[in-house]
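Colleague: Please read through the structure below; I'll follow up with questions.
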Amino acid sequence: MSRGLSLAPCGLVIERVESETDKLLLVARPISKTAACPTCSGISARIHSQYQRALADLPSQGRLVRIRLWTRRFRCAVAECQQKIFTERLEATASRPFARRTTRLEGIVHHVGLALGGRPGQSIARRLLLPVSKDTLLRVVRRNAARADAAPRVVGIDDWAWKRGHHYGTIVCDLEKRRIIDILPDREAATVTTWLAEHPTISVIARDRGVGYIQAATEGRPEAIQVADRWHLMENASAAFLTAVQRSMRAIRTAVGVGVVDPTLLSCAERRQHAGWLRRQEENTTILALAGQGIAIKEIVRRTGKSRGVVRQVVRGGRADVFRSRTNSLDPFTKQLETAWANGCRNGAALWRGVKAAGFVGSLRVVTEWATRRRKEDGIAPENSRPRKSPSARGIARMMTTERDRPSKTVARMAAIIESAVPDLVSARDLMDRFHRIIQHRKSADLESWISDAKPTLLASFATGIVNDRSAVKAALTEPWSNGQTEGQHTKLKLVKRQMYGRAKLDLLRARLLGAP
Ligand SMILES: [Zn+2]
């Protein structure tokens, strides 16, 4: 008997073992002679009746294990207790009188479900001889998530993409316990407000500076301290600088001299692209002029006939860019053509045969067109030749920030030209740097002077945003909390979402993330 005891789940003793080829059947009973009433906690030794329960347990020696457990009903010993008869609660079944698995099996099943989800979990479980279906795995995961308690004090709110660019949800993390505490189906202010209102223990909310979350935090928990997320503040500053570059593209183009395009030097396809680009530039100018007069987006949409999306994009400076020809099928072979050209070959057909042998699949006409343009170029001064690669706004922003410490020669030259031609961009860049340092080193004392310095510059609207959210930004510099740590939770979320092959149902996704210890 004592040897059997060590195999038994906690608090049980094995009376008999019946062995079959692929199965072990244990007949067991509780060790304790008494039980506590679930209503009054009074201890009782007065057995009313007993019955057998079937439980699944962990496999042993490559065999499934079933337990037939004698379970007792007791009479409550406390006379005034309303519960006259009760079933004993056993640790081996996590005090659940209707459990069909032992606590230790349930624990393993929960972990398999959390780590792998339903279907993949089921196939691993089968190999491990755990007698559970995919539905059971998911049920166990859901049940344990429902139990996860939540009385958070400090939460971080952030959005996450169900489907990038289409559908966003909200992830809520307990920043003290460093774990996800809820997943909300969208990022609407109303949803988040309701959630916050249901959690009165919250006293600090770290959030990004999106209007929705500001509103939700203010309405849902008006007395809580709001903290602007430091990571997002850094991002916002960088984005504001990028916008400044985009707004300055016209000046940059003129300075760098890539805006001058001679259409006769373009291929047919490039000419079409160039015409489209010119048309877009014209639209941009019109829209920006209207916006400059303070006309509402709705009215601009009506006057120009462009979509609301396009108008908004232009007004935000998102569509200003230099003309760049798209690559064509001949591009990989231009080096070879140039060599042949330099060697004196001017015959289109001969040039075509050369590149065709090297793998070019286009027609003869593409090559003869190239030869015609090349002939024209020979007669023109090199500075007016057809546009080479010209940098994008993003590229210029990078050039002036992250790449400035170790630039290549060409980058350094281009950056110098831009910086001397558009000095406003240099001050915008320096302001962005200053802002980053304020955040990184928590220099809250420097914030006010930064705001007044930034107001008359290209970063004006970003500065206004900071002013409007001043107390939360200040809190970001003084409070220890930031959403930065939810980054790891995002990774976890993405991993689980991917494992579910994008078919994740919200409640299950939630359960798998929340149930994790
Ligand atoms: Zn009782």
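Each chain in the structure tokens gets a letter, A, B, ..., in the order shown, and its residues are numbered from 1; ligands are numbered from 1 in order too.
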Just want the residues within 7 Å of ligand 1, written as a ChimeraX atom specification, counting only C-alpha atoms and all ligand atoms.
Modeller: /A:37-42,76-78,81-84
Colleague: So which residues of region 164-398 of chain A fall under alpha helix (DSSP H) by DSSP, listed as an mmCIF file with N, CA and C atoms, in the first residue's frame?
Modeller:
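Okay, this is what ended up in states.cif:
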data_model
loop_
_atom_site.group_PDB
_atom_site.id
_atom_site.type_symbol
_atom_site.label_atom_id
_atom_site.label_comp_id
_atom_site.auth_asym_id
_atom_site.auth_seq_id
_atom_site.Cartn_x
_atom_site.Cartn_y
_atom_site.Cartn_z
ATOM 1 N N ALA A 189 -13.053 54.571 -28.413
ATOM 2 C CA ALA A 189 -13.028 55.225 -27.103
ATOM 3 C C ALA A 189 -14.077 54.611 -26.172
ATOM 4 N N ALA A 190 -15.274 54.337 -26.713
ATOM 5 C CA ALA A 190 -16.376 53.838 -25.881
ATOM 6 C C ALA A 190 -16.029 52.489 -25.248
ATOM 7 N N THR A 191 -15.427 51.603 -26.045
ATOM 8 C CA THR A 191 -15.059 50.277 -25.546
ATOM 9 C C THR A 191 -14.063 50.395 -24.399
ATOM 10 N N VAL A 192 -13.040 51.224 -24.624
ATOM 11 C CA VAL A 192 -11.980 51.350 -23.622
ATOM 12 C C VAL A 192 -12.506 52.074 -22.381
ATOM 13 N N THR A 193 -13.367 53.076 -22.600
ATOM 14 C CA THR A 193 -13.959 53.798 -21.472
ATOM 15 C C THR A 193 -14.723 52.832 -20.568
ATOM 16 N N THR A 194 -15.553 51.980 -21.180
ATOM 17 C CA THR A 194 -16.343 51.015 -20.415
ATOM 18 C C THR A 194 -15.437 50.097 -19.613
ATOM 19 N N TRP A 195 -14.400 49.613 -20.294
ATOM 20 C CA TRP A 195 -13.491 48.687 -19.615
ATOM 21 C C TRP A 195 -12.853 49.370 -18.398
ATOM 22 N N LEU A 196 -12.382 50.580 -18.598
ATOM 23 C CA LEU A 196 -11.711 51.300 -17.498
ATOM 24 C C LEU A 196 -12.674 51.564 -16.345
ATOM 25 N N ALA A 197 -13.918 51.901 -16.702
ATOM 26 C CA ALA A 197 -14.910 52.192 -15.668
ATOM 27 C C ALA A 197 -15.200 50.948 -14.826
ATOM 28 N N VAL A 211 -6.135 60.190 -29.901
ATOM 29 C CA VAL A 211 -7.269 60.901 -29.318
ATOM 30 C C VAL A 211 -8.203 59.943 -28.567
ATOM 31 N N GLY A 212 -8.421 58.758 -29.163
ATOM 32 C CA GLY A 212 -9.350 57.792 -28.587
ATOM 33 C C GLY A 212 -8.971 57.395 -27.177
ATOM 34 N N TYR A 213 -7.695 57.071 -26.973
ATOM 35 C CA TYR A 213 -7.256 56.609 -25.657
ATOM 36 C C TYR A 213 -7.236 57.747 -24.643
ATOM 37 N N ILE A 214 -6.929 58.957 -25.100
ATOM 38 C CA ILE A 214 -6.957 60.100 -24.176
ATOM 39 C C ILE A 214 -8.378 60.278 -23.657
ATOM 40 N N GLN A 215 -9.325 60.258 -24.591
ATOM 41 C CA GLN A 215 -10.737 60.436 -24.231
ATOM 42 C C GLN A 215 -11.193 59.311 -23.288
ATOM 43 N N ALA A 216 -10.824 58.078 -23.647
ATOM 44 C CA ALA A 216 -11.245 56.928 -22.844
ATOM 45 C C ALA A 216 -10.695 57.027 -21.426
ATOM 46 N N ALA A 217 -9.421 57.373 -21.305
ATOM 47 C CA ALA A 217 -8.801 57.453 -19.979
ATOM 48 C C ALA A 217 -9.458 58.567 -19.162
ATOM 49 N N THR A 218 -9.749 59.674 -19.827
ATOM 50 C CA THR A 218 -10.325 60.823 -19.127
ATOM 51 C C THR A 218 -11.742 60.524 -18.652
ATOM 52 N N GLU A 219 -12.516 59.844 -19.505
ATOM 53 C CA GLU A 219 -13.905 59.559 -19.134
ATOM 54 C C GLU A 219 -14.044 58.327 -18.252
ATOM 55 N N GLY A 220 -13.233 57.304 -18.537
ATOM 56 C CA GLY A 220 -13.358 56.040 -17.820
ATOM 57 C C GLY A 220 -12.845 56.118 -16.397
ATOM 58 N N ARG A 230 6.327 56.819 -23.296
ATOM 59 C CA ARG A 230 7.612 57.384 -23.727
ATOM 60 C C ARG A 230 8.032 56.887 -25.104
ATOM 61 N N TRP A 231 7.834 55.607 -25.340
ATOM 62 C CA TRP A 231 8.223 55.066 -26.641
ATOM 63 C C TRP A 231 7.459 55.775 -27.768
ATOM 64 N N HIS A 232 6.149 55.958 -27.554
ATOM 65 C CA HIS A 232 5.356 56.646 -28.568
ATOM 66 C C HIS A 232 5.775 58.103 -28.715
ATOM 67 N N LEU A 233 6.146 58.753 -27.609
ATOM 68 C CA LEU A 233 6.590 60.145 -27.693
ATOM 69 C C LEU A 233 7.828 60.257 -28.579
ATOM 70 N N MET A 234 8.760 59.337 -28.410
ATOM 71 C CA MET A 234 9.972 59.320 -29.245
ATOM 72 C C MET A 234 9.577 59.151 -30.714
ATOM 73 N N GLU A 235 8.664 58.187 -30.942
ATOM 74 C CA GLU A 235 8.196 57.922 -32.295
ATOM 75 C C GLU A 235 7.517 59.150 -32.897
ATOM 76 N N ASN A 236 6.658 59.782 -32.097
ATOM 77 C CA ASN A 236 5.916 60.952 -32.568
ATOM 78 C C ASN A 236 6.867 62.056 -32.996
ATOM 79 N N ALA A 237 7.942 62.258 -32.215
ATOM 80 C CA ALA A 237 8.902 63.305 -32.552
ATOM 81 C C ALA A 237 9.581 62.995 -33.884
ATOM 82 N N SER A 238 9.978 61.735 -34.060
ATOM 83 C CA SER A 238 10.607 61.350 -35.323
ATOM 84 C C SER A 238 9.641 61.533 -36.491
ATOM 85 N N ALA A 239 8.378 61.157 -36.262
ATOM 86 C CA ALA A 239 7.377 61.294 -37.324
ATOM 87 C C ALA A 239 7.145 62.760 -37.669
ATOM 88 N N ALA A 240 7.182 63.623 -36.643
ATOM 89 C CA ALA A 240 6.990 65.054 -36.884
ATOM 90 C C ALA A 240 8.121 65.593 -37.741
ATOM 91 N N PHE A 241 9.328 65.101 -37.514
ATOM 92 C CA PHE A 241 10.456 65.550 -38.332
ATOM 93 C C PHE A 241 10.295 65.062 -39.777
ATOM 94 N N LEU A 242 9.850 63.811 -39.928
ATOM 95 C CA LEU A 242 9.620 63.289 -41.283
ATOM 96 C C LEU A 242 8.604 64.159 -42.027
ATOM 97 N N THR A 243 7.538 64.550 -41.327
ATOM 98 C CA THR A 243 6.541 65.432 -41.939
ATOM 99 C C THR A 243 7.180 66.750 -42.370
ATOM 100 N N ALA A 244 8.069 67.275 -41.521
ATOM 101 C CA ALA A 244 8.755 68.518 -41.861
ATOM 102 C C ALA A 244 9.559 68.347 -43.151
ATOM 103 N N VAL A 245 10.211 67.195 -43.290
ATOM 104 C CA VAL A 245 10.979 66.930 -44.510
ATOM 105 C C VAL A 245 10.046 66.857 -45.714
ATOM 106 N N GLN A 246 8.919 66.144 -45.528
ATOM 107 C CA GLN A 246 7.970 65.999 -46.644
ATOM 108 C C GLN A 246 7.448 67.354 -47.090
ATOM 109 N N ARG A 247 7.196 68.258 -46.128
ATOM 110 C CA ARG A 247 6.703 69.586 -46.472
ATOM 111 C C ARG A 247 7.777 70.404 -47.178
ATOM 112 N N MET A 249 9.956 69.188 -49.397
ATOM 113 C CA MET A 249 10.485 68.470 -50.554
ATOM 114 C C MET A 249 10.708 69.367 -51.770
ATOM 115 N N ARG A 250 9.835 70.348 -51.952
ATOM 116 C CA ARG A 250 9.969 71.230 -53.108
ATOM 117 C C ARG A 250 11.323 71.963 -53.042
ATOM 118 N N ALA A 251 11.618 72.540 -51.865
ATOM 119 C CA ALA A 251 12.882 73.259 -51.685
ATOM 120 C C ALA A 251 14.069 72.314 -51.831
ATOM 121 N N ILE A 252 13.897 71.095 -51.287
ATOM 122 C CA ILE A 252 14.989 70.122 -51.374
ATOM 123 C C ILE A 252 15.259 69.740 -52.819
ATOM 124 N N ARG A 253 14.162 69.489 -53.559
ATOM 125 C CA ARG A 253 14.292 69.126 -54.974
ATOM 126 C C ARG A 253 15.053 70.182 -55.737
ATOM 127 N N THR A 254 14.683 71.427 -55.495
ATOM 128 C CA THR A 254 15.348 72.522 -56.193
ATOM 129 C C THR A 254 16.829 72.540 -55.821
ATOM 130 N N ALA A 255 17.117 72.373 -54.551
ATOM 131 C CA ALA A 255 18.501 72.444 -54.090
ATOM 132 C C ALA A 255 19.346 71.319 -54.666
ATOM 133 N N VAL A 256 18.788 70.117 -54.668
ATOM 134 C CA VAL A 256 19.555 68.960 -55.124
ATOM 135 C C VAL A 256 19.581 68.896 -56.654
ATOM 136 N N CYS A 268 9.183 55.442 -73.039
ATOM 137 C CA CYS A 268 7.723 55.606 -73.116
ATOM 138 C C CYS A 268 7.070 55.403 -71.763
ATOM 139 N N ALA A 269 7.458 54.297 -71.099
ATOM 140 C CA ALA A 269 6.860 53.986 -69.795
ATOM 141 C C ALA A 269 7.172 55.090 -68.797
ATOM 142 N N GLU A 270 8.414 55.571 -68.801
ATOM 143 C CA GLU A 270 8.808 56.626 -67.877
ATOM 144 C C GLU A 270 8.063 57.913 -68.154
ATOM 145 N N ARG A 271 7.812 58.179 -69.456
ATOM 146 C CA ARG A 271 7.064 59.402 -69.805
ATOM 147 C C ARG A 271 5.659 59.349 -69.226
ATOM 148 N N ARG A 272 5.049 58.158 -69.293
ATOM 149 C CA ARG A 272 3.720 58.011 -68.707
ATOM 150 C C ARG A 272 3.774 58.226 -67.197
ATOM 151 N N GLN A 273 4.782 57.624 -66.554
ATOM 152 C CA GLN A 273 4.932 57.811 -65.108
ATOM 153 C C GLN A 273 5.141 59.285 -64.771
ATOM 154 N N HIS A 274 5.943 59.954 -65.619
ATOM 155 C CA HIS A 274 6.262 61.350 -65.360
ATOM 156 C C HIS A 274 5.025 62.227 -65.506
ATOM 157 N N ALA A 275 4.211 61.911 -66.521
ATOM 158 C CA ALA A 275 2.981 62.679 -66.725
ATOM 159 C C ALA A 275 2.068 62.526 -65.508
ATOM 160 N N GLY A 276 1.971 61.304 -65.025
ATOM 161 C CA GLY A 276 1.143 61.047 -63.838
ATOM 162 C C GLY A 276 1.676 61.810 -62.635
ATOM 163 N N TRP A 277 2.993 61.845 -62.535
ATOM 164 C CA TRP A 277 3.622 62.537 -61.401
ATOM 165 C C TRP A 277 3.329 64.034 -61.474
ATOM 166 N N LEU A 278 3.448 64.597 -62.713
ATOM 167 C CA LEU A 278 3.170 66.030 -62.888
ATOM 168 C C LEU A 278 1.736 66.351 -62.497
ATOM 169 N N ARG A 279 0.801 65.442 -62.901
ATOM 170 C CA ARG A 279 -0.603 65.657 -62.587
ATOM 171 C C ARG A 279 -0.812 65.641 -61.069
ATOM 172 N N ARG A 280 -0.165 64.685 -60.412
ATOM 173 C CA ARG A 280 -0.284 64.614 -58.951
ATOM 174 C C ARG A 280 0.281 65.858 -58.286
ATOM 175 N N GLN A 281 1.418 66.336 -58.825
ATOM 176 C CA GLN A 281 2.027 67.542 -58.251
ATOM 177 C C GLN A 281 1.049 68.719 -58.338
ATOM 178 N N GLU A 282 0.384 68.810 -59.494
ATOM 179 C CA GLU A 282 -0.568 69.907 -59.693
ATOM 180 C C GLU A 282 -1.715 69.817 -58.690
ATOM 181 N N GLU A 283 -2.257 68.576 -58.560
ATOM 182 C CA GLU A 283 -3.329 68.363 -57.586
ATOM 183 C C GLU A 283 -2.876 68.754 -56.188
ATOM 184 N N ASN A 284 -1.650 68.313 -55.832
ATOM 185 C CA ASN A 284 -1.117 68.631 -54.500
ATOM 186 C C ASN A 284 -1.094 70.132 -54.278
ATOM 187 N N THR A 285 -0.583 70.851 -55.289
ATOM 188 C CA THR A 285 -0.465 72.300 -55.163
ATOM 189 C C THR A 285 -1.839 72.920 -54.933
ATOM 190 N N THR A 286 -2.819 72.477 -55.753
ATOM 191 C CA THR A 286 -4.175 73.019 -55.611
ATOM 192 C C THR A 286 -4.728 72.755 -54.213
ATOM 193 N N ILE A 287 -4.613 71.493 -53.792
ATOM 194 C CA ILE A 287 -5.180 71.109 -52.492
ATOM 195 C C ILE A 287 -4.504 71.877 -51.365
ATOM 196 N N LEU A 288 -3.160 71.967 -51.419
ATOM 197 C CA LEU A 288 -2.425 72.658 -50.358
ATOM 198 C C LEU A 288 -2.787 74.142 -50.328
ATOM 199 N N ALA A 289 -2.998 74.718 -51.535
ATOM 200 C CA ALA A 289 -3.367 76.132 -51.583
ATOM 201 C C ALA A 289 -4.721 76.346 -50.899
ATOM 202 N N LEU A 290 -5.668 75.451 -51.205
ATOM 203 C CA LEU A 290 -6.996 75.552 -50.582
ATOM 204 C C LEU A 290 -6.893 75.378 -49.069
ATOM 205 N N ALA A 291 -6.108 74.362 -48.670
ATOM 206 C CA ALA A 291 -5.954 74.107 -47.234
ATOM 207 C C ALA A 291 -5.295 75.306 -46.550
ATOM 208 N N GLY A 292 -4.365 75.937 -47.271
ATOM 209 C CA GLY A 292 -3.662 77.099 -46.739
ATOM 210 C C GLY A 292 -4.613 78.261 -46.468
ATOM 211 N N ILE A 297 -11.543 70.232 -45.141
ATOM 212 C CA ILE A 297 -11.268 69.091 -46.014
ATOM 213 C C ILE A 297 -12.500 68.702 -46.827
ATOM 214 N N LYS A 298 -13.647 68.719 -46.190
ATOM 215 C CA LYS A 298 -14.898 68.347 -46.853
ATOM 216 C C LYS A 298 -15.132 69.227 -48.095
ATOM 217 N N GLU A 299 -14.875 70.520 -47.916
ATOM 218 C CA GLU A 299 -15.081 71.480 -49.006
ATOM 219 C C GLU A 299 -14.037 71.256 -50.107
ATOM 220 N N ILE A 300 -12.788 70.965 -49.709
ATOM 221 C CA ILE A 300 -11.743 70.698 -50.706
ATOM 222 C C ILE A 300 -12.113 69.476 -51.538
ATOM 223 N N VAL A 301 -12.643 68.454 -50.849
ATOM 224 C CA VAL A 301 -13.076 67.244 -51.548
ATOM 225 C C VAL A 301 -14.117 67.606 -52.602
ATOM 226 N N ARG A 302 -15.080 68.480 -52.213
ATOM 227 C CA ARG A 302 -16.154 68.869 -53.122
ATOM 228 C C ARG A 302 -15.589 69.643 -54.322
ATOM 229 N N ARG A 303 -14.663 70.562 -54.062
ATOM 230 C CA ARG A 303 -14.148 71.413 -55.144
ATOM 231 C C ARG A 303 -13.217 70.686 -56.096
ATOM 232 N N THR A 304 -12.384 69.800 -55.557
ATOM 233 C CA THR A 304 -11.385 69.156 -56.418
ATOM 234 C C THR A 304 -11.856 67.827 -56.988
ATOM 235 N N ARG A 308 -11.595 61.871 -50.143
ATOM 236 C CA ARG A 308 -11.274 62.392 -48.815
ATOM 237 C C ARG A 308 -9.891 61.903 -48.351
ATOM 238 N N GLY A 309 -9.631 60.609 -48.639
ATOM 239 C CA GLY A 309 -8.349 60.019 -48.239
ATOM 240 C C GLY A 309 -7.178 60.751 -48.865
ATOM 241 N N VAL A 310 -7.285 61.001 -50.182
ATOM 242 C CA VAL A 310 -6.202 61.676 -50.903
ATOM 243 C C VAL A 310 -5.997 63.075 -50.346
ATOM 244 N N VAL A 311 -7.109 63.795 -50.152
ATOM 245 C CA VAL A 311 -7.002 65.173 -49.668
ATOM 246 C C VAL A 311 -6.318 65.213 -48.303
ATOM 247 N N ARG A 312 -6.751 64.307 -47.425
ATOM 248 C CA ARG A 312 -6.136 64.272 -46.092
ATOM 249 C C ARG A 312 -4.652 63.981 -46.176
ATOM 250 N N GLN A 313 -4.301 63.021 -47.061
ATOM 251 C CA GLN A 313 -2.903 62.641 -47.223
ATOM 252 C C GLN A 313 -2.069 63.844 -47.684
ATOM 253 N N VAL A 314 -2.601 64.572 -48.656
ATOM 254 C CA VAL A 314 -1.869 65.719 -49.200
ATOM 255 C C VAL A 314 -1.719 66.789 -48.127
ATOM 256 N N VAL A 315 -2.821 67.065 -47.412
ATOM 257 C CA VAL A 315 -2.794 68.116 -46.393
ATOM 258 C C VAL A 315 -1.762 67.791 -45.312
ATOM 259 N N THR A 334 21.646 47.588 -68.125
ATOM 260 C CA THR A 334 22.158 48.879 -68.610
ATOM 261 C C THR A 334 23.683 48.964 -68.522
ATOM 262 N N LYS A 335 24.247 48.283 -67.504
ATOM 263 C CA LYS A 335 25.705 48.329 -67.361
ATOM 264 C C LYS A 335 26.359 47.700 -68.596
ATOM 265 N N GLN A 336 25.820 46.554 -68.995
ATOM 266 C CA GLN A 336 26.344 45.854 -70.175
ATOM 267 C C GLN A 336 26.182 46.716 -71.426
ATOM 268 N N LEU A 337 24.984 47.366 -71.544
ATOM 269 C CA LEU A 337 24.729 48.221 -72.712
ATOM 270 C C LEU A 337 25.702 49.396 -72.740
ATOM 271 N N GLU A 338 25.917 49.993 -71.553
ATOM 272 C CA GLU A 338 26.841 51.133 -71.474
ATOM 273 C C GLU A 338 28.241 50.736 -71.930
ATOM 274 N N THR A 339 28.678 49.536 -71.501
ATOM 275 C CA THR A 339 30.017 49.058 -71.893
ATOM 276 C C THR A 339 30.097 48.918 -73.419
ATOM 277 N N ALA A 340 29.041 48.270 -73.975
ATOM 278 C CA ALA A 340 29.014 48.081 -75.425
ATOM 279 C C ALA A 340 29.008 49.439 -76.130
ATOM 280 N N TRP A 341 28.226 50.367 -75.565
ATOM 281 C CA TRP A 341 28.113 51.716 -76.137
ATOM 282 C C TRP A 341 29.482 52.403 -76.121
ATOM 283 N N ALA A 342 30.167 52.272 -74.979
ATOM 284 C CA ALA A 342 31.482 52.895 -74.829
ATOM 285 C C ALA A 342 32.476 52.290 -75.822
ATOM 286 N N GLY A 348 21.231 49.060 -82.748
ATOM 287 C CA GLY A 348 20.203 48.575 -81.829
ATOM 288 C C GLY A 348 20.088 47.063 -81.816
ATOM 289 N N ALA A 349 20.039 46.471 -83.013
ATOM 290 C CA ALA A 349 19.848 45.018 -83.105
ATOM 291 C C ALA A 349 21.025 44.279 -82.475
ATOM 292 N N ALA A 350 22.237 44.792 -82.716
ATOM 293 C CA ALA A 350 23.431 44.138 -82.154
ATOM 294 C C ALA A 350 23.412 44.243 -80.632
ATOM 295 N N LEU A 351 23.023 45.428 -80.126
ATOM 296 C CA LEU A 351 22.942 45.620 -78.681
ATOM 297 C C LEU A 351 21.919 44.661 -78.078
ATOM 298 N N TRP A 352 20.774 44.537 -78.781
ATOM 299 C CA TRP A 352 19.684 43.671 -78.300
ATOM 300 C C TRP A 352 20.156 42.217 -78.218
ATOM 301 N N ARG A 353 20.860 41.744 -79.299
ATOM 302 C CA ARG A 353 21.363 40.357 -79.290
ATOM 303 C C ARG A 353 22.286 40.129 -78.105
ATOM 304 N N GLY A 354 23.104 41.134 -77.790
ATOM 305 C CA GLY A 354 24.038 41.039 -76.656
ATOM 306 C C GLY A 354 23.316 40.811 -75.336
ATOM 307 N N VAL A 355 22.318 41.678 -75.049
ATOM 308 C CA VAL A 355 21.624 41.552 -73.758
ATOM 309 C C VAL A 355 20.708 40.333 -73.728
ATOM 310 N N LYS A 356 20.193 39.969 -74.925
ATOM 311 C CA LYS A 356 19.324 38.796 -74.996
ATOM 312 C C LYS A 356 20.105 37.553 -74.593
ATOM 313 N N ALA A 357 21.346 37.486 -75.061
ATOM 314 C CA ALA A 357 22.203 36.354 -74.713
ATOM 315 C C ALA A 357 22.449 36.321 -73.201
ATOM 316 N N LEU A 364 13.090 43.849 -79.120
ATOM 317 C CA LEU A 364 14.103 44.677 -79.780
ATOM 318 C C LEU A 364 13.803 46.160 -79.585
ATOM 319 N N ARG A 365 12.469 46.499 -79.597
ATOM 320 C CA ARG A 365 12.085 47.901 -79.536
ATOM 321 C C ARG A 365 12.565 48.586 -78.261
ATOM 322 N N VAL A 366 12.515 47.853 -77.151
ATOM 323 C CA VAL A 366 12.953 48.410 -75.864
ATOM 324 C C VAL A 366 14.409 48.856 -75.960
ATOM 325 N N VAL A 367 15.224 48.015 -76.630
ATOM 326 C CA VAL A 367 16.659 48.317 -76.728
ATOM 327 C C VAL A 367 16.914 49.460 -77.719
ATOM 328 N N THR A 368 16.189 49.471 -78.858
ATOM 329 C CA THR A 368 16.400 50.565 -79.825
ATOM 330 C C THR A 368 15.970 51.895 -79.217
ATOM 331 N N GLU A 369 14.895 51.861 -78.414
ATOM 332 C CA GLU A 369 14.485 53.083 -77.714
ATOM 333 C C GLU A 369 15.581 53.577 -76.786
ATOM 334 N N TRP A 370 16.160 52.616 -76.078
ATOM 335 C CA TRP A 370 17.256 52.963 -75.159
ATOM 336 C C TRP A 370 18.383 53.625 -75.944
ATOM 337 N N ALA A 371 18.723 53.028 -77.121
ATOM 338 C CA ALA A 371 19.819 53.550 -77.943
ATOM 339 C C ALA A 371 19.509 54.977 -78.395
ATOM 340 N N THR A 372 18.244 55.222 -78.770
ATOM 341 C CA THR A 372 17.852 56.567 -79.205
ATOM 342 C C THR A 372 18.066 57.582 -78.079
ATOM 343 N N ARG A 373 17.571 57.233 -76.893
ATOM 344 C CA ARG A 373 17.745 58.139 -75.741
ATOM 345 C C ARG A 373 19.215 58.362 -75.431
ATOM 346 N N ARG A 374 19.968 57.270 -75.509
ATOM 347 C CA ARG A 374 21.405 57.336 -75.189
ATOM 348 C C ARG A 374 22.109 58.278 -76.169
ATOM 349 N N ARG A 375 21.708 58.195 -77.442
ATOM 350 C CA ARG A 375 22.298 59.047 -78.473
ATOM 351 C C ARG A 375 22.043 60.517 -78.126
ATOM 352 N N LYS A 376 20.776 60.809 -77.718
ATOM 353 C CA LYS A 376 20.418 62.181 -77.351
ATOM 354 C C LYS A 376 21.239 62.646 -76.156
ATOM 355 N N GLU A 377 21.362 61.761 -75.175
ATOM 356 C CA GLU A 377 22.103 62.106 -73.957
ATOM 357 C C GLU A 377 23.537 62.496 -74.270
ATOM 358 N N ASP A 378 24.122 61.795 -75.256
ATOM 359 C CA ASP A 378 25.514 62.086 -75.622
ATOM 360 C C ASP A 378 25.695 63.543 -76.027
ATOM 361 N N ALA A 393 11.661 61.330 -49.172
ATOM 362 C CA ALA A 393 11.589 62.117 -47.935
ATOM 363 C C ALA A 393 12.117 61.288 -46.767
ATOM 364 N N ARG A 394 11.705 60.018 -46.738
ATOM 365 C CA ARG A 394 12.152 59.136 -45.660
ATOM 366 C C ARG A 394 13.675 58.992 -45.674
ATOM 367 N N GLY A 395 14.215 58.839 -46.900
ATOM 368 C CA GLY A 395 15.659 58.704 -47.041
ATOM 369 C C GLY A 395 16.383 59.945 -46.542
ATOM 370 N N ILE A 396 15.813 61.110 -46.864
ATOM 371 C CA ILE A 396 16.444 62.359 -46.436
ATOM 372 C C ILE A 396 16.381 62.490 -44.916
ATOM 373 N N ALA A 397 15.222 62.122 -44.348
ATOM 374 C CA ALA A 397 15.088 62.178 -42.891
ATOM 375 C C ALA A 397 16.142 61.293 -42.238
ATOM 376 N N ARG A 398 16.343 60.100 -42.816
ATOM 377 C CA ARG A 398 17.348 59.176 -42.281
ATOM 378 C C ARG A 398 18.748 59.778 -42.396
#
Colleague: So that I can see what lies close to Asp424 (chain A), please list as a list in words the residues with an atom at most 12 Å from it, counting only C-alpha atoms and leaving out residues fewer than 2 positions away in the same chain.
Modeller: Phe241, Ala244, Val245, Arg247, Ser248, Ala251, Ile252, Ile418, Glu419, Ser420, Ala421, Val422, Val426, Ser427, Ala428, Arg429, Asp430, Leu431, Ala454, Pro456, Thr457, Leu458, Leu459 and Ala460 of chain A
Colleague: Using DSSP on the backbone, list every residue of region 55-268 of chain A that comes out as strand (DSSP E), and give them as a PyMOL selection string.
Modeller: chain A and resi 55-60+63-75+85-87+154-163+167-174+179-184+204-207+225-228
Colleague: Do a neighbour search on Ala228 (chain A) at 9 Å with only C-alpha atoms, toss out local chain neighbours closer than 3 positions, and write the hits as an NGL selection string.
Modeller: :A and (205-209 or 231-233 or 469 or 471-477 or 482-483)
Colleague: Could the residues in this selection be saved with C-alpha atoms as a CSV table (one decimal), in the first residue's frame?
Modeller:
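The resulting file, again31.csv, is shown below:
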chain,number,residue,atom,x,y,z
A,205,ILE,CA,-2.9,54.7,-17.1
A,206,ALA,CA,0.0,54.7,-19.6
A,207,ARG,CA,-1.2,55.3,-23.1
A,208,ASP,CA,-0.2,56.6,-26.4
A,209,ARG,CA,-1.3,60.1,-27.6
A,231,TRP,CA,8.2,55.1,-26.6
A,232,HIS,CA,5.4,56.6,-28.6
A,233,LEU,CA,6.6,60.1,-27.7
A,469,ASP,CA,-1.4,66.7,-23.6
A,471,SER,CA,0.2,66.8,-18.0
A,472,ALA,CA,0.5,63.3,-19.4
A,473,VAL,CA,3.8,64.2,-21.1
A,474,LYS,CA,5.1,65.6,-17.8
A,475,ALA,CA,3.9,62.4,-16.1
A,476,ALA,CA,5.9,60.5,-18.7
A,477,LEU,CA,9.0,62.3,-17.5
A,482,SER,CA,5.7,53.3,-19.6
A,483,ASN,CA,4.2,51.1,-22.2
Colleague: What's the 7 Å shell around Val204 (chain A), counting only C-alpha atoms, without same-chain residues fewer than 4 positions away, as a ChimeraX atom specification?
Modeller: /A:153-155,224-226
